[in-house]
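Contents: one structure, followed by commentary.
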Amino acid sequence: MATLADIAVSAAINILSALIFLLAFAILRLQPLNDRVYFPKWYLKGLRNDPLESGGFVKKVVNLDWRAYIKFLNWVPDALKMPELELIDHAGLDSAVYLRIYLLGLKIFVPITFLAFTVLVPVNWTNNTLMKSGFTYSDIDKLSISNVPLRSQRFWAHIIMTYASTVWTCYVLQREYAKVAAMRLQFLASERRRPDQFTVLVRNVPPDTNESVSECVEHFFLVNHTDHYLTNQVVFNANKLAKLVKQKNNKQNWLDYYRLKYSRNQSKRPMMKTRLFGLCGNKVDAIDYQTAEVERLSKEIAEERERVKNDPKSIMPAAFVSFKTRWGAAVCAQTQQSRNPTLWLTEWAPEPRDVYWKNLAIPYVYLTIRRLIIGVAFFFLTFFFMIPITFVQTLASIEGIRKRAPFLKVIIDIPFIKSFIQGFLPGIALKIFLIVLPTILMLMSKFEGWESISALERRSASKYYIFNFVNVFLGSIIAGAAFDQLNTFIHQSANEIPKTIGVAIPIKATFFITYIMVDGWAGIAGEILRLKPLIIFHLKNFFLVKTERDREKAMDPGSLDFNTGEPQIQLYFLLGLVYAVVTPFLLPFILVFFGMAYFVFRHQIIHVYNQKYESGAAFWPDVHGRIIFALVFSQLSLLGLLSTKHSAQSAPFLIALPVLTISFHYFCKGRYEPAFTRYPLQEAKKKDTLERAKESNLNLKDYLQNAYLHPVFKGDDEDNDEDFNDKLESNDTVLVPTKRQSRGNTPAPSRMSVNSFTSFPDDIDHIH
């Protein structure tokens, strides 16, 4: 059991590590050689000049201005100078709202920490229950609810504190939900024109033997959305083509590398081996070999592109359908299109850079099966991972090490080594075990078939949060074999589960304190140092860069990884809410994390990160829901703990609290969540009216024509059918172009035959 001395050793190690990281960052960021590593966002915006372009050799490598080193900590106040509105314009609403999660943590826990140390710490400390018990305990335990005797009237203080923290948390959550919802609506109203504002993704298009998918989509929407339909782009299964393009780009990079290497030393041609990543096989001329590979892949790409264009099997029963107005797109995206609710399924299209093209090739009917498979796989992953988690917990116990490795007794009894093992090693070991997890969860989400990067990250974040809750939290407080723990919960009465968890929570407070310091203090400081991107940039810059464009590609600005960052933050919300009443000593460590993370990530968002997409803060309902879950769980665990304390008079007063909290959640869900899932027709009409007044001659068809063309087809000839565009914009009645015979929804066979709006007009006959 870790003592205050062990916690002090861990704090010293982590504070020292964090200070070293921050000091290294403050110095490295001043060097001209590293300018593109620590300020890539400004280079991508074209607002920063490279200091390497002027000055002598020494000045290009080292900053010789001594005044810069005096102000080396200026990055801290500079991170706060940019106002929020300017930050939204600079980095997007997603980034600005993501930062508000850290502010939300400070808003919730600063008052709770003050109240807990003012009220609960004296109540817990001024008892001698642990001293009389004869059990092993630490000074930290004396600050917890464990030091309050059975049947004590002092438990009323904990119940009142629980009500106070719940009311305050709900109040802050409601205000923040309303604020973010208003910010989202304002952002959508003031945002510049984007293709996704006019476009809907249509899936499960029914097959038609007489028409191609594009013609079928066009016919359906000209009939049912006559005044607003503009064009469509069918979805192609171009996964093989994309793979070939990726291979060609990789070969081209190697070819550029070998050419650059040869240009620096022309006395010897570069050689390479042809198999197993260049480790074995025949030794050949590297330039000639890579040139031949690039030419071979170029030929294969051309053949595959033609096959995709001309093979009807490569056209998926899905399309991006664009409308003349945002209002028309909003109506289509938010209504049922067909009598059969499983056909003509519509949803808002992701913005083009947010589309995950590979998953669009998955037939819609397979999605349910895939998600069921992943649900089962995730269940087993979650519980099997308890095995290494349990092993980690042995490191938190000196007794466990003595039992499993008695030969280490002499070493671990040294005071500093003992403090290091109990105060630092468990947290870092758990952190190492979790490194590979985000990659596994992202692969699972991709297999499920989500069509946008933002959806993939949100689904992966949900899995990560569940995993953290089961393994990092429950697995740490109830250490045991995976299925032993599962078996325990299955065979326990539902009334006994909160008791089991409630009793175990105070015991593991010290472990979570060490984890917070390793992950939340040193980890955040390591984020701003960007050691990995720094090394990779200089390696690329030395070996591969020969043009300014190459140098821009070598920069790795990164982005806010919502799939890993948000679940990590939610773990701290969970720990803070659970331990606020049980062991308040943990709260200051949480506050340090939220404060440090806010400064660091605000700096990174302003100067470094370049977001891959913009969802308009669509993730906020998930943030709100997980905090509510943590709040309810903290109430139930306290109820279970008080039940073991035989507090029969006070414990029942907690029963109403989860019910009230869940009711509050449903109120917020009904009041604010529609702003994140629907687009008000009133707002769409207003924006359309303003745009028509400002740009009356806007040619929207040209703007949208190839917005959702698969990236591997970019550069193909575009369809510029102005005649049909004029027909769509005229007020005259438009006869629906179709190859079908007369049917119920068409008054007569069509008298006109017009090419559908695909991106390959020259190949329409082949597709038909």
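Residue numbers start at 1 in each chain; chains themselves are named A, B, ... in the order of the structure tokens; ligands are numbered from 1 in the order shown.
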Extract, using only C-alpha atoms, all DNA, RNA and protein residues at most 8 Å from Lys645 in chain A, discarding same-chain residues fewer than 2 positions from it, and format them as a compact mmCIF listing (two decimals) with all heavy atoms, in the first residue's frame.
```
# COMPACT_ATOMS: atom_id res chain seq x y z
N PRO A 149 -16.17 5.67 11.37
CA PRO A 149 -16.63 4.43 12.00
C PRO A 149 -18.01 3.99 11.49
O PRO A 149 -18.75 4.77 10.89
CB PRO A 149 -16.69 4.79 13.49
CG PRO A 149 -16.84 6.26 13.52
CD PRO A 149 -16.10 6.79 12.33
N LEU A 150 -18.33 2.73 11.74
CA LEU A 150 -19.62 2.18 11.33
C LEU A 150 -20.76 2.91 12.03
O LEU A 150 -20.64 3.34 13.18
CB LEU A 150 -19.69 0.69 11.66
CG LEU A 150 -18.64 -0.23 11.01
CD1 LEU A 150 -18.82 -1.66 11.49
CD2 LEU A 150 -18.71 -0.16 9.50
N ARG A 151 -21.87 3.03 11.33
CA ARG A 151 -23.11 3.63 11.86
C ARG A 151 -22.91 5.07 12.34
O ARG A 151 -23.69 5.57 13.15
CB ARG A 151 -23.67 2.79 13.01
CG ARG A 151 -23.97 1.35 12.63
CD ARG A 151 -24.58 0.58 13.79
NE ARG A 151 -24.85 -0.80 13.44
CZ ARG A 151 -23.94 -1.77 13.54
NH1 ARG A 151 -22.73 -1.50 13.99
NH2 ARG A 151 -24.26 -3.01 13.18
N LEU A 641 -21.01 1.52 -0.83
CA LEU A 641 -20.04 1.67 0.24
C LEU A 641 -20.72 1.96 1.57
O LEU A 641 -20.37 1.39 2.61
CB LEU A 641 -19.05 2.78 -0.11
CG LEU A 641 -17.95 3.08 0.91
CD1 LEU A 641 -17.11 1.83 1.18
CD2 LEU A 641 -17.07 4.22 0.42
N LEU A 642 -21.70 2.85 1.56
CA LEU A 642 -22.42 3.18 2.79
C LEU A 642 -23.21 1.98 3.31
O LEU A 642 -23.41 1.84 4.52
CB LEU A 642 -23.35 4.37 2.56
CG LEU A 642 -22.68 5.72 2.33
CD1 LEU A 642 -23.73 6.81 2.12
CD2 LEU A 642 -21.77 6.09 3.49
N SER A 643 -23.64 1.12 2.40
CA SER A 643 -24.35 -0.09 2.84
C SER A 643 -23.45 -0.99 3.66
O SER A 643 -23.89 -1.64 4.62
CB SER A 643 -24.88 -0.86 1.63
OG SER A 643 -25.80 -0.07 0.89
N SER A 647 -24.87 2.10 7.44
CA SER A 647 -25.47 3.42 7.61
C SER A 647 -26.92 3.36 7.12
O SER A 647 -27.27 3.94 6.09
CB SER A 647 -24.66 4.47 6.85
OG SER A 647 -25.21 5.75 7.01
```
Using only C-alpha atoms, what table do you get, as a Markdown table, when you list each residue of range 289-396 of chain A with an atom no more than 12 Å from range 232-237 of chain A, its nearest pair of atoms, and their distance in Å rounded to one decimal, rows by chain then rising number?
```
| residue | atom | partner | partner_atom | distance |
| --- | --- | --- | --- | --- |
| A:Glu304 | CA | A:Asn237 | CA | 11.1 |
| A:Arg305 | CA | A:Phe236 | CA | 10.6 |
| A:Arg307 | CA | A:Asn237 | CA | 10.7 |
| A:Val308 | CA | A:Phe236 | CA | 7.2 |
| A:Lys309 | CA | A:Phe236 | CA | 8.2 |
| A:Asn310 | CA | A:Phe236 | CA | 10.7 |
| A:Asp311 | CA | A:Phe236 | CA | 9.9 |
| A:Pro312 | CA | A:Phe236 | CA | 9.4 |
| A:Lys313 | CA | A:Asn237 | CA | 8.4 |
| A:Ser314 | CA | A:Asn237 | CA | 5.0 |
| A:Ile315 | CA | A:Phe236 | CA | 4.7 |
| A:Met316 | CA | A:Val235 | CA | 5.5 |
| A:Pro317 | CA | A:Val235 | CA | 7.5 |
| A:Ala318 | CA | A:Val235 | CA | 5.6 |
| A:Ala319 | CA | A:Val234 | CA | 4.1 |
| A:Phe320 | CA | A:Gln233 | CA | 5.1 |
| A:Val321 | CA | A:Asn232 | CA | 4.3 |
| A:Ser322 | CA | A:Asn232 | CA | 5.9 |
| A:Phe323 | CA | A:Asn232 | CA | 8.8 |
| A:Lys324 | CA | A:Asn232 | CA | 11.6 |
| A:Ala349 | CA | A:Gln233 | CA | 11.8 |
| A:Val355 | CA | A:Val235 | CA | 11.6 |
| A:Tyr356 | CA | A:Val235 | CA | 11.9 |
| A:Trp357 | CA | A:Asn237 | CA | 8.7 |
| A:Lys358 | CA | A:Asn237 | CA | 7.8 |
| A:Asn359 | CA | A:Asn237 | CA | 9.2 |
| A:Leu360 | CA | A:Val235 | CA | 7.0 |
| A:Ala361 | CA | A:Asn237 | CA | 4.9 |
| A:Ile362 | CA | A:Asn237 | CA | 8.4 |
| A:Pro363 | CA | A:Asn237 | CA | 10.2 |
```
Can you write just those residues out, C-alpha atoms, as a PDB file, in the first residue's frame?
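Result saved to again.pdb:
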```pdb
ATOM      1  CA  GLU A 304      -7.852  -0.674 -63.051  1.00  0.00           C
ATOM      2  CA  ARG A 305      -9.298   2.812 -63.496  1.00  0.00           C
ATOM      3  CA  ARG A 307     -12.189  -1.416 -65.236  1.00  0.00           C
ATOM      4  CA  VAL A 308     -13.845   0.493 -62.383  1.00  0.00           C
ATOM      5  CA  LYS A 309     -15.410   2.963 -64.795  1.00  0.00           C
ATOM      6  CA  ASN A 310     -16.799   0.314 -67.105  1.00  0.00           C
ATOM      7  CA  ASP A 311     -17.733  -2.555 -64.786  1.00  0.00           C
ATOM      8  CA  PRO A 312     -21.298  -2.268 -63.380  1.00  0.00           C
ATOM      9  CA  LYS A 313     -20.250  -4.473 -60.449  1.00  0.00           C
ATOM     10  CA  SER A 314     -17.896  -1.697 -59.307  1.00  0.00           C
ATOM     11  CA  ILE A 315     -20.814   0.700 -58.852  1.00  0.00           C
ATOM     12  CA  MET A 316     -22.286   0.453 -55.380  1.00  0.00           C
ATOM     13  CA  PRO A 317     -26.010   0.977 -54.621  1.00  0.00           C
ATOM     14  CA  ALA A 318     -25.173   4.330 -53.026  1.00  0.00           C
ATOM     15  CA  ALA A 319     -24.668   7.905 -54.185  1.00  0.00           C
ATOM     16  CA  PHE A 320     -23.917  11.408 -53.021  1.00  0.00           C
ATOM     17  CA  VAL A 321     -26.946  13.475 -54.042  1.00  0.00           C
ATOM     18  CA  SER A 322     -26.566  17.261 -54.206  1.00  0.00           C
ATOM     19  CA  PHE A 323     -29.343  19.842 -54.097  1.00  0.00           C
ATOM     20  CA  LYS A 324     -29.738  23.415 -55.258  1.00  0.00           C
ATOM     21  CA  ALA A 349     -23.012  13.523 -46.260  1.00  0.00           C
ATOM     22  CA  VAL A 355     -15.242  10.643 -46.046  1.00  0.00           C
ATOM     23  CA  TYR A 356     -13.678   7.235 -45.360  1.00  0.00           C
ATOM     24  CA  TRP A 357     -13.894   6.005 -48.933  1.00  0.00           C
ATOM     25  CA  LYS A 358     -12.939   2.408 -48.286  1.00  0.00           C
ATOM     26  CA  ASN A 359     -16.068   1.716 -46.228  1.00  0.00           C
ATOM     27  CA  LEU A 360     -18.438   3.136 -48.830  1.00  0.00           C
ATOM     28  CA  ALA A 361     -17.774  -0.008 -50.850  1.00  0.00           C
ATOM     29  CA  ILE A 362     -19.319  -2.207 -48.128  1.00  0.00           C
ATOM     30  CA  PRO A 363     -22.888  -3.270 -49.047  1.00  0.00           C
TER      31      PRO A 363
END
```
List the spatial neighbours of Cys332 in chain A as a PDB file with N, CA and C atoms, in the first residue's frame - criterion: any atom at most 9 Å away, only C-alpha atoms, same-chain residues fewer than 3 positions off excluded.
```pdb
ATOM      1  N   VAL A 200     -26.400  14.953 -49.647  1.00  0.00           N
ATOM      2  CA  VAL A 200     -26.928  13.870 -48.822  1.00  0.00           C
ATOM      3  C   VAL A 200     -26.343  12.552 -49.321  1.00  0.00           C
ATOM      4  N   HIS A 225     -38.053  15.179 -55.534  1.00  0.00           N
ATOM      5  CA  HIS A 225     -37.475  16.460 -55.100  1.00  0.00           C
ATOM      6  C   HIS A 225     -37.260  17.334 -56.346  1.00  0.00           C
ATOM      7  N   TRP A 327     -31.803  24.029 -47.878  1.00  0.00           N
ATOM      8  CA  TRP A 327     -33.134  23.651 -47.417  1.00  0.00           C
ATOM      9  C   TRP A 327     -33.552  22.326 -48.032  1.00  0.00           C
ATOM     10  N   GLY A 328     -33.320  22.162 -49.324  1.00  0.00           N
ATOM     11  CA  GLY A 328     -33.666  20.916 -49.997  1.00  0.00           C
ATOM     12  C   GLY A 328     -32.871  19.745 -49.450  1.00  0.00           C
ATOM     13  N   ALA A 329     -31.579  19.969 -49.171  1.00  0.00           N
ATOM     14  CA  ALA A 329     -30.749  18.899 -48.613  1.00  0.00           C
ATOM     15  C   ALA A 329     -31.216  18.532 -47.205  1.00  0.00           C
ATOM     16  N   THR A 335     -35.767  13.130 -43.580  1.00  0.00           N
ATOM     17  CA  THR A 335     -37.092  12.536 -43.802  1.00  0.00           C
ATOM     18  C   THR A 335     -36.947  11.146 -44.405  1.00  0.00           C
ATOM     19  N   GLN A 336     -38.014  10.349 -44.279  1.00  0.00           N
ATOM     20  CA  GLN A 336     -38.055   9.024 -44.890  1.00  0.00           C
ATOM     21  C   GLN A 336     -38.451   9.168 -46.351  1.00  0.00           C
ATOM     22  N   GLN A 337     -37.676   8.549 -47.239  1.00  0.00           N
ATOM     23  CA  GLN A 337     -37.860   8.768 -48.667  1.00  0.00           C
ATOM     24  C   GLN A 337     -38.817   7.777 -49.320  1.00  0.00           C
ATOM     25  N   THR A 346     -31.293   7.924 -46.296  1.00  0.00           N
ATOM     26  CA  THR A 346     -30.568   9.187 -46.475  1.00  0.00           C
ATOM     27  C   THR A 346     -30.002   9.675 -45.151  1.00  0.00           C
ATOM     28  N   GLU A 347     -28.862  10.292 -45.231  1.00  0.00           N
ATOM     29  CA  GLU A 347     -28.224  10.944 -44.088  1.00  0.00           C
ATOM     30  C   GLU A 347     -27.337  12.059 -44.624  1.00  0.00           C
ATOM     31  N   TRP A 348     -27.005  13.010 -43.747  1.00  0.00           N
ATOM     32  CA  TRP A 348     -26.122  14.083 -44.183  1.00  0.00           C
ATOM     33  C   TRP A 348     -24.789  13.505 -44.648  1.00  0.00           C
TER      34      TRP A 348
END
```
- Item | Close residues, range 205-209 of chain A itself excluded, 10 Å, only C-alpha atoms, min 6 positions apart in chain, as a count of residues only | 16
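Candidate residues A:Trp521, A:Phe676, A:Tyr102, A:Tyr366 were compared for distance to Ile569 in chain A, and the nearest is A:Tyr102, using only C-alpha atoms.
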Got a sec to tell me which of range 4-203 of chain A DSSP assigns to strand (DSSP E), as a short mmCIF file (atom, residue, chain, number, x, y, z; two decimals) with C-alpha atoms, in the first residue's frame?
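Contents of part36.cif, freshly written:
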```cif
data_model
loop_
_atom_site.label_atom_id
_atom_site.label_comp_id
_atom_site.auth_asym_id
_atom_site.auth_seq_id
_atom_site.Cartn_x
_atom_site.Cartn_y
_atom_site.Cartn_z
CA THR A 199 -25.27 17.00 -50.19
CA VAL A 200 -26.93 13.87 -48.82
CA LEU A 201 -25.53 10.35 -48.78
CA VAL A 202 -28.11 7.90 -50.14
CA ARG A 203 -27.65 4.19 -49.43
#
```
- Run DSSP on the backbone and grab whatever in range 531-621 of chain A lands in helix (DSSP H, G or I); send it over as a VMD selection string. chain A and resid 531 to 543 548 to 554 562 to 582 584 to 607 620 to 621
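The shell of residues at most 9 Å from Pro588 in chain A, with only C-alpha atoms counted and near chain neighbours (fewer than 3 positions) removed, consists of A:Phe109, A:Val110, A:Thr113, A:Pro584, A:Phe585, A:Leu591, A:Val592, A:Phe593.
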Selected residues written out, N, CA, C and O atoms, as a PDB file, in the first residue's frame:
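New file again_16.pdb:
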```
ATOM      1  N   PHE A 109     -14.575  20.726 -11.008  1.00  0.00           N
ATOM      2  CA  PHE A 109     -13.796  20.195  -9.887  1.00  0.00           C
ATOM      3  C   PHE A 109     -13.154  21.246  -8.986  1.00  0.00           C
ATOM      4  O   PHE A 109     -12.798  20.912  -7.850  1.00  0.00           O
ATOM      5  N   VAL A 110     -12.988  22.482  -9.451  1.00  0.00           N
ATOM      6  CA  VAL A 110     -12.418  23.496  -8.548  1.00  0.00           C
ATOM      7  C   VAL A 110     -13.337  23.739  -7.352  1.00  0.00           C
ATOM      8  O   VAL A 110     -12.895  23.654  -6.189  1.00  0.00           O
ATOM      9  N   THR A 113     -13.473  20.499  -5.168  1.00  0.00           N
ATOM     10  CA  THR A 113     -12.247  20.305  -4.395  1.00  0.00           C
ATOM     11  C   THR A 113     -12.224  21.209  -3.170  1.00  0.00           C
ATOM     12  O   THR A 113     -11.871  20.779  -2.056  1.00  0.00           O
ATOM     13  N   PRO A 584     -11.027  12.524  -1.082  1.00  0.00           N
ATOM     14  CA  PRO A 584     -10.837  13.853  -1.699  1.00  0.00           C
ATOM     15  C   PRO A 584      -9.387  14.189  -2.001  1.00  0.00           C
ATOM     16  O   PRO A 584      -9.119  15.089  -2.808  1.00  0.00           O
ATOM     17  N   PHE A 585      -8.445  13.478  -1.379  1.00  0.00           N
ATOM     18  CA  PHE A 585      -7.022  13.767  -1.590  1.00  0.00           C
ATOM     19  C   PHE A 585      -6.633  13.630  -3.058  1.00  0.00           C
ATOM     20  O   PHE A 585      -5.640  14.218  -3.501  1.00  0.00           O
ATOM     21  N   LEU A 591      -7.022  18.306 -10.849  1.00  0.00           N
ATOM     22  CA  LEU A 591      -7.014  19.724 -11.232  1.00  0.00           C
ATOM     23  C   LEU A 591      -5.732  20.081 -11.974  1.00  0.00           C
ATOM     24  O   LEU A 591      -5.759  20.842 -12.952  1.00  0.00           O
ATOM     25  N   VAL A 592      -4.599  19.552 -11.501  1.00  0.00           N
ATOM     26  CA  VAL A 592      -3.326  19.824 -12.188  1.00  0.00           C
ATOM     27  C   VAL A 592      -3.381  19.309 -13.614  1.00  0.00           C
ATOM     28  O   VAL A 592      -2.926  19.977 -14.556  1.00  0.00           O
ATOM     29  N   PHE A 593      -3.962  18.116 -13.801  1.00  0.00           N
ATOM     30  CA  PHE A 593      -4.079  17.571 -15.151  1.00  0.00           C
ATOM     31  C   PHE A 593      -4.909  18.482 -16.042  1.00  0.00           C
ATOM     32  O   PHE A 593      -4.482  18.826 -17.162  1.00  0.00           O
TER      33      PHE A 593
END
```
Shell of 7 Å around Phe562 in chain A, only C-alpha atoms, local chain residues under 2 positions omitted, as a tab-separated table (two decimals) with all heavy atoms, in the first residue's frame:
```
chain	number	residue	atom	x	y	z
A	457	GLU	N	-13.87	7.84	-35.43
A	457	GLU	CA	-13.22	8.28	-34.19
A	457	GLU	C	-14.20	8.29	-33.03
A	457	GLU	O	-13.83	7.92	-31.90
A	457	GLU	CB	-12.59	9.66	-34.39
A	457	GLU	CG	-11.43	9.66	-35.36
A	457	GLU	CD	-10.54	10.88	-35.23
A	457	GLU	OE1	-10.98	11.86	-34.58
A	457	GLU	OE2	-9.43	10.86	-35.76
A	461	ALA	N	-13.82	5.98	-29.87
A	461	ALA	CA	-13.77	6.61	-28.55
A	461	ALA	C	-14.75	5.94	-27.58
A	461	ALA	O	-14.44	5.76	-26.40
A	461	ALA	CB	-14.09	8.10	-28.67
A	560	LEU	N	-6.01	16.62	-33.32
A	560	LEU	CA	-6.61	16.15	-32.07
A	560	LEU	C	-7.18	14.76	-32.31
A	560	LEU	O	-8.17	14.59	-33.03
A	560	LEU	CB	-7.73	17.10	-31.64
A	560	LEU	CG	-7.29	18.45	-31.06
A	560	LEU	CD1	-8.50	19.35	-30.89
A	560	LEU	CD2	-6.56	18.28	-29.75
A	564	THR	N	-8.69	8.79	-28.94
A	564	THR	CA	-7.87	8.47	-27.77
A	564	THR	C	-7.91	9.58	-26.72
A	564	THR	O	-7.91	9.30	-25.52
A	564	THR	CB	-6.41	8.23	-28.18
A	564	THR	OG1	-5.92	9.39	-28.88
A	564	THR	CG2	-6.31	7.02	-29.09
A	565	GLY	N	-7.96	10.83	-27.16
A	565	GLY	CA	-7.90	11.94	-26.22
A	565	GLY	C	-9.14	12.08	-25.36
A	565	GLY	O	-9.04	12.24	-24.13
A	566	GLU	N	-10.32	12.00	-25.98
A	566	GLU	CA	-11.56	12.21	-25.22
A	566	GLU	C	-11.81	11.11	-24.19
A	566	GLU	O	-12.18	11.40	-23.05
A	566	GLU	CB	-12.73	12.35	-26.19
A	566	GLU	CG	-14.01	12.88	-25.55
A	566	GLU	CD	-14.92	11.78	-25.05
A	566	GLU	OE1	-14.67	10.61	-25.42
A	566	GLU	OE2	-15.86	12.08	-24.30
```
- May I have the residues within 7 Å of Ala242 in chain A as a PyMOL selection string, using only C-alpha atoms and disregarding those fewer than 4 positions away in the same chain? chain A and resi 238+246+712
Dump all heavy atoms for the selected residues as a compact mmCIF listing (two decimals), in the first residue's frame?
```txt
# COMPACT_ATOMS: atom_id res chain seq x y z
N ALA A 238 -13.55 1.45 -55.42
CA ALA A 238 -12.22 1.70 -55.97
C ALA A 238 -11.13 1.35 -54.97
O ALA A 238 -10.05 1.93 -54.98
CB ALA A 238 -12.10 3.18 -56.38
N LYS A 246 -1.55 3.94 -53.74
CA LYS A 246 -0.72 4.04 -52.53
C LYS A 246 0.63 3.35 -52.75
O LYS A 246 1.68 3.88 -52.34
CB LYS A 246 -1.45 3.40 -51.36
CG LYS A 246 -0.73 3.55 -50.03
CD LYS A 246 -1.56 2.95 -48.89
CE LYS A 246 -0.83 3.10 -47.57
NZ LYS A 246 -1.63 2.50 -46.45
N VAL A 712 -9.00 8.94 -56.03
CA VAL A 712 -8.17 8.29 -57.04
C VAL A 712 -8.58 8.67 -58.45
O VAL A 712 -7.84 8.39 -59.41
CB VAL A 712 -8.20 6.75 -56.89
CG1 VAL A 712 -7.62 6.33 -55.57
CG2 VAL A 712 -9.62 6.22 -57.06
```
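Take CA of Leu529 in chain A and CA of Phe25 in chain A: the distance between them is 4.9 Å.
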- Work out how far CA of Glu306 in chain A is from CA of Ala292 in chain A, in Å to one decimal. 21.6 Å
- Message: So the first atom is CA of Thr162 in chain A and the second is CA of Ala580 in chain A; what is the distance between them in Å, to one decimal place?
- Response: 8.4 Å
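For the residues A:Phe117, A:Tyr38, A:Tyr98, A:Trp156, ranking by smallest atom-to-atom distance to Ala651 in chain A using only C-alpha atoms places A:Trp156 first.
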